[in-house]
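Input: a single structure, listed below in structure tokens.
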There are 2 protein chains.
Amino acid sequence: MITVLAGGVGAARLLRGLVQVIDPASITAVVNTGDDTVLHGLSISPDLDTVTYTLSGRSDDERGWGLAGESWTVMDQLATLGGETWFRLGDRDLATHLYRTQRLYEGARLSEVTGELAQRFGVHVTLLPMSDDPVRTRLTLADGTEVGFQEYFVFLAHSVPVRAVAFEGAGTARPGPGVLEALREAERVVICPSNPVVSIAPILAVPGVRQAVADRRADTVVVSPLVGGAALKGPADRLLREMGHGASSEGIARFYADLAATMVIDVSDEADSAMVEATGVRCVVAPTVMANATRAAALAKVVLDDR
Amino acid sequence: MITVLAGGVGAARLLRGLVQVIDPASITAVVNTGDDTVLHGLSISPDLDTVTYTLSGRSDDERGWGLAGESWTVMDQLATLGGETWFRLGDRDLATHLYRTQRLYEGARLSEVTGELAQRFGVHVTLLPMSDDPVRTRLTLADGTEVGFQEYFVFLAHSVPVRAVAFEGAGTARPGPGVLEALREAERVVICPSNPVVSIAPILAVPGVRQAVADRRADTVVVSPLVGGAALKGPADRLLREMGHGASSEGIARFYADLAATMVIDVSDEADSAMVEATGVRCVVAPTVMANATRAAALAKVVLDDR
């Protein structure tokens, strides 16, 4: 049994590697829901959907989000009505949000709905929202404006300076059903190459989760999201700098030092090895760019220490 | 200026006739919102949409609801997810509901949103929801079960006996902005050939509206929804019987006797003329089946007493 802390695309790709190497049914992914939002009245869980779609083999890997073979009839029509279309929701993707919203309205918990959707998409990894309670990542921009995660990430294309990040609701959120157990019982805990500041930190902000990971430090491995000192995609490097952690292997190592005994860095960052080890974290150097399924599987083996 | 009390399809067709005969900008339609519902988290106003789509020339007249040239990608995908699909929402139609839901979430009133959508669809008739406050038509079935209007109308295909009809929220609802003024100032008030029991009655149940129509009785004309003593479509005849009004021109006349001085009945019901007049309502006989735009315009002229 292994348990994975997961954000969006980076996590989904590592999971796609892991399911090639070990039985999917032995994997539990605890997924960030800080990015969740309500748009047009619909409950949207972007990271859960990215992981579900990717593991189902139905994600659009070119575009980097959503379903392959998607159509855009609803959004195109919404645009003619003058509606908000900056958050593009494909026709098939919308069905996921309609399903989730209806089930939540009927009183189902997000964890139940997540399980139902995973089953319908043929996903055998156990997907757990970090919490059934709403936690919302909020960013204070340099100019003092406060925005939700999707406004920052999609609408502003993460191209504005950030002063602070907060996880609204995290203080009173309870870990999702099975989350603490999955961390306690796993042979290995994997922190995915997701954005530490806005994808992994919200999971750790749910009371009890950080301690549960810290308790498993010896068996926890983190994959650095940096390649050549930069984020492959998205604002991880920028946010690490803005939050004062430093956009470097050393910064990542310090960020996770109390949680992970081992860190995997990309071959392009091999020179950082000694600095990482100096923080008390064992450093493993391997190719971390998961350009295809074969490379993802190879990285999964590294993570599982199974080369 | 004329003001029309409107339900769904029958009203939309008469309005399509009226806009051929007089300036659309001189027409105000007060539309039933008792059929409104929330599905998948989306705020749906079926009668407002039917009127909007029909007046825009974009309704699917074959099917009798929704937009012409519609596609069903979202519903088809929702079906594969095991979601609720008994209320069919086309892809383009969904954009309307996304728009409305988002605007209501932002704090806009239904009347504002209705105006925005009418403008986007190129509709020049003033469309007013009967109320900005939620009023929900609820039906108690013969077996005691209580259901919402859409459950009765769509899910149960209005094929079950009804014991009682109630308009939840009507007691405290306020007439929509402009509704009472439109009734007061109109040269003529028209009650459309909509279902009296579940399309017109909810409008009259909003405090102040029934009195406002009664005050204009001399200038109010109602078009009977019955043709040959039966509803062309839908459960009007059945519900009239079940509620004890009688499915006949006389039943309709009595239903509206305190509100309308004139009633138009179909040529097929010509024999009912004397019975209608006996209730104190002037009876006009004319073809009321609006099979096409020409016939709708001809009926509009009758209604406007402009033959």
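Chain lettering (A, B, ...) mirrors the order of the structure tokens, residue numbering begins at 1 for each chain separately, and ligand numbering begins at 1 in order of display.
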Which neighbours of Gly246 of chain B fall inside 12 Å, counting only C-alpha atoms, when residues of the same chain fewer than 5 positions from it are skipped, and could you give them as a PDB file with N, CA, C and O atoms, in the first residue's frame?
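Generated file (part-v6.pdb):
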ATOM      1  N   PRO B 196     -54.650  26.983 -16.932  1.00  0.00           N
ATOM      2  CA  PRO B 196     -55.133  27.884 -15.869  1.00  0.00           C
ATOM      3  C   PRO B 196     -54.638  27.466 -14.480  1.00  0.00           C
ATOM      4  O   PRO B 196     -54.284  28.313 -13.660  1.00  0.00           O
ATOM      5  N   VAL B 197     -54.600  26.150 -14.241  1.00  0.00           N
ATOM      6  CA  VAL B 197     -54.359  25.628 -12.889  1.00  0.00           C
ATOM      7  C   VAL B 197     -52.886  25.730 -12.474  1.00  0.00           C
ATOM      8  O   VAL B 197     -52.576  26.003 -11.317  1.00  0.00           O
ATOM      9  N   LEU B 226     -58.586  25.338 -24.226  1.00  0.00           N
ATOM     10  CA  LEU B 226     -59.229  24.099 -24.687  1.00  0.00           C
ATOM     11  C   LEU B 226     -59.632  24.205 -26.156  1.00  0.00           C
ATOM     12  O   LEU B 226     -59.995  25.270 -26.638  1.00  0.00           O
ATOM     13  N   GLY B 229     -62.965  20.965 -26.249  1.00  0.00           N
ATOM     14  CA  GLY B 229     -63.116  20.516 -24.868  1.00  0.00           C
ATOM     15  C   GLY B 229     -61.908  19.815 -24.284  1.00  0.00           C
ATOM     16  O   GLY B 229     -61.960  19.310 -23.166  1.00  0.00           O
ATOM     17  N   ALA B 230     -60.796  19.808 -25.032  1.00  0.00           N
ATOM     18  CA  ALA B 230     -59.602  19.122 -24.528  1.00  0.00           C
ATOM     19  C   ALA B 230     -58.378  20.025 -24.676  1.00  0.00           C
ATOM     20  O   ALA B 230     -58.370  20.944 -25.507  1.00  0.00           O
ATOM     21  N   ALA B 236     -53.936  20.352 -19.034  1.00  0.00           N
ATOM     22  CA  ALA B 236     -54.885  21.391 -18.601  1.00  0.00           C
ATOM     23  C   ALA B 236     -56.273  20.805 -18.335  1.00  0.00           C
ATOM     24  O   ALA B 236     -56.887  21.072 -17.304  1.00  0.00           O
ATOM     25  N   ASP B 237     -56.764  19.995 -19.290  1.00  0.00           N
ATOM     26  CA  ASP B 237     -58.125  19.451 -19.117  1.00  0.00           C
ATOM     27  C   ASP B 237     -58.207  18.554 -17.884  1.00  0.00           C
ATOM     28  O   ASP B 237     -59.109  18.678 -17.055  1.00  0.00           O
ATOM     29  N   ARG B 238     -57.229  17.686 -17.770  1.00  0.00           N
ATOM     30  CA  ARG B 238     -57.178  16.764 -16.637  1.00  0.00           C
ATOM     31  C   ARG B 238     -57.139  17.510 -15.297  1.00  0.00           C
ATOM     32  O   ARG B 238     -57.896  17.203 -14.372  1.00  0.00           O
ATOM     33  N   LEU B 239     -56.266  18.499 -15.206  1.00  0.00           N
ATOM     34  CA  LEU B 239     -56.126  19.251 -13.956  1.00  0.00           C
ATOM     35  C   LEU B 239     -57.376  20.086 -13.658  1.00  0.00           C
ATOM     36  O   LEU B 239     -57.771  20.218 -12.493  1.00  0.00           O
ATOM     37  N   LEU B 240     -57.987  20.638 -14.703  1.00  0.00           N
ATOM     38  CA  LEU B 240     -59.225  21.403 -14.486  1.00  0.00           C
ATOM     39  C   LEU B 240     -60.289  20.500 -13.867  1.00  0.00           C
ATOM     40  O   LEU B 240     -60.982  20.882 -12.920  1.00  0.00           O
ATOM     41  N   ARG B 241     -60.394  19.291 -14.402  1.00  0.00           N
ATOM     42  CA  ARG B 241     -61.354  18.325 -13.846  1.00  0.00           C
ATOM     43  C   ARG B 241     -60.981  17.962 -12.412  1.00  0.00           C
ATOM     44  O   ARG B 241     -61.810  18.000 -11.513  1.00  0.00           O
ATOM     45  N   GLY B 251     -66.226  25.958 -17.616  1.00  0.00           N
ATOM     46  CA  GLY B 251     -65.302  25.848 -16.484  1.00  0.00           C
ATOM     47  C   GLY B 251     -64.244  26.942 -16.537  1.00  0.00           C
ATOM     48  O   GLY B 251     -63.917  27.564 -15.520  1.00  0.00           O
ATOM     49  N   ILE B 252     -63.698  27.160 -17.738  1.00  0.00           N
ATOM     50  CA  ILE B 252     -62.676  28.201 -17.916  1.00  0.00           C
ATOM     51  C   ILE B 252     -63.297  29.579 -17.624  1.00  0.00           C
ATOM     52  O   ILE B 252     -62.697  30.415 -16.938  1.00  0.00           O
ATOM     53  N   ALA B 253     -64.497  29.794 -18.152  1.00  0.00           N
ATOM     54  CA  ALA B 253     -65.165  31.086 -17.956  1.00  0.00           C
ATOM     55  C   ALA B 253     -65.369  31.368 -16.471  1.00  0.00           C
ATOM     56  O   ALA B 253     -65.106  32.471 -15.994  1.00  0.00           O
ATOM     57  N   ARG B 254     -65.834  30.361 -15.746  1.00  0.00           N
ATOM     58  CA  ARG B 254     -66.041  30.536 -14.301  1.00  0.00           C
ATOM     59  C   ARG B 254     -64.710  30.775 -13.586  1.00  0.00           C
ATOM     60  O   ARG B 254     -64.636  31.554 -12.642  1.00  0.00           O
ATOM     61  N   PHE B 255     -63.661  30.065 -14.048  1.00  0.00           N
ATOM     62  CA  PHE B 255     -62.333  30.197 -13.440  1.00  0.00           C
ATOM     63  C   PHE B 255     -61.870  31.655 -13.499  1.00  0.00           C
ATOM     64  O   PHE B 255     -61.253  32.174 -12.582  1.00  0.00           O
TER      65      PHE B 255
END
9 Å contacts from chain A to chain B using only C-alpha atoms, as an MDAnalysis selection string: chainID A and resid 39:43 71 73:84 90:103 105 116:117 120:121
Identify, on the basis of only C-alpha atoms, every residue whose closest approach to Ile2 of chain A does not exceed 8 Å; exclude the query and any residue fewer than 6 positions from it along the same chain; express the result as a PyMOL selection string. chain A and resi 26-28+182+186-190
Neighbouring residues of segment 153-155 of chain A were defined as those with any atom within 8 Å, considering only C-alpha atoms; residues of the same chain fewer than 3 positions away were excluded. Please report them as a ChimeraX atom specification. /A:86-87,149-150,158
Find the residues near Val160 of chain A: any atom within 10 Å, counting only C-alpha atoms, skip ones fewer than 6 places away on the same chain, and give them as a ChimeraX atom specification. /A:141-143,152-153,235,238
N, CA, C and O atoms of the current selection, written as a PDB file, in the first residue's frame:
ATOM      1  N   LEU A 141      -2.693  39.481  -3.537  1.00  0.00           N
ATOM      2  CA  LEU A 141      -1.740  39.968  -4.542  1.00  0.00           C
ATOM      3  C   LEU A 141      -0.915  41.111  -3.950  1.00  0.00           C
ATOM      4  O   LEU A 141      -1.233  41.656  -2.894  1.00  0.00           O
ATOM      5  N   ALA A 142       0.165  41.444  -4.655  1.00  0.00           N
ATOM      6  CA  ALA A 142       1.063  42.493  -4.168  1.00  0.00           C
ATOM      7  C   ALA A 142       0.311  43.808  -3.963  1.00  0.00           C
ATOM      8  O   ALA A 142       0.646  44.589  -3.064  1.00  0.00           O
ATOM      9  N   ASP A 143      -0.720  44.045  -4.760  1.00  0.00           N
ATOM     10  CA  ASP A 143      -1.471  45.302  -4.619  1.00  0.00           C
ATOM     11  C   ASP A 143      -2.551  45.227  -3.545  1.00  0.00           C
ATOM     12  O   ASP A 143      -3.348  46.158  -3.392  1.00  0.00           O
ATOM     13  N   TYR A 152      -6.628  33.608  -9.752  1.00  0.00           N
ATOM     14  CA  TYR A 152      -5.181  33.801  -9.862  1.00  0.00           C
ATOM     15  C   TYR A 152      -4.611  32.934 -10.984  1.00  0.00           C
ATOM     16  O   TYR A 152      -3.891  33.407 -11.866  1.00  0.00           O
ATOM     17  N   PHE A 153      -4.954  31.662 -10.963  1.00  0.00           N
ATOM     18  CA  PHE A 153      -4.285  30.695 -11.820  1.00  0.00           C
ATOM     19  C   PHE A 153      -4.752  30.800 -13.274  1.00  0.00           C
ATOM     20  O   PHE A 153      -3.940  30.798 -14.195  1.00  0.00           O
ATOM     21  N   PRO A 235       3.216  28.298 -11.699  1.00  0.00           N
ATOM     22  CA  PRO A 235       3.940  29.307 -10.929  1.00  0.00           C
ATOM     23  C   PRO A 235       4.686  28.768  -9.710  1.00  0.00           C
ATOM     24  O   PRO A 235       4.952  29.535  -8.783  1.00  0.00           O
ATOM     25  N   ARG A 238       7.958  30.758  -9.026  1.00  0.00           N
ATOM     26  CA  ARG A 238       7.611  32.126  -8.648  1.00  0.00           C
ATOM     27  C   ARG A 238       7.036  32.206  -7.226  1.00  0.00           C
ATOM     28  O   ARG A 238       7.445  33.045  -6.422  1.00  0.00           O
TER      29      ARG A 238
END
So what do you get for atom CA of Val125 of chain B versus atom CA of Val209 of chain B, distance-wise? 20.0 Å
To one decimal place, how far is atom CA of Leu183 of chain B from atom CA of Ser59 of chain B in Å? 27.4 Å
Return as a ChimeraX atom specification the full set of residues in segment 31-130 of chain B whose backbone-based DSSP assignment is alpha helix (DSSP H). /B:46-55,73-80,91-105,110-120
Taking 4 positions as the minimum chain separation for residues in the same chain, which residues sit within 10 Å of segment 277-281 of chain A when counting only C-alpha atoms? Answer as an MDAnalysis selection string. chainID A and resid 218 221:222 250:251 253:254 256:264 272:273
Contacts of Ala291 of chain A at 10 Å or less, counting only C-alpha atoms, minus same-chain residues fewer than 5 places along, as a count of residues only? 3
Atom pair atom CA of Ala29 of chain A / atom CA of Leu232 of chain A: separation (Å):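 Calculated distance between atom CA of Ala29 of chain A and atom CA of Leu232 of chain A is 22.0 Å.
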In terms of the shortest atom-to-atom distance over only C-alpha atoms, which of B:Ala164, B:Arg184, B:Arg16, B:Ala170 is closest to Arg216 of chain B?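 Of all the options, B:Arg184 lies closest to Arg216 of chain B.
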Considering only strand (DSSP E) as DSSP defines it on the backbone, what residues of segment 158-204 of chain A qualify? List them as a list in words. Val162, Arg163, Ala164, Val165, Ala166, Phe167, Glu168, Arg188, Val189, Val190 and Ile191 of chain A
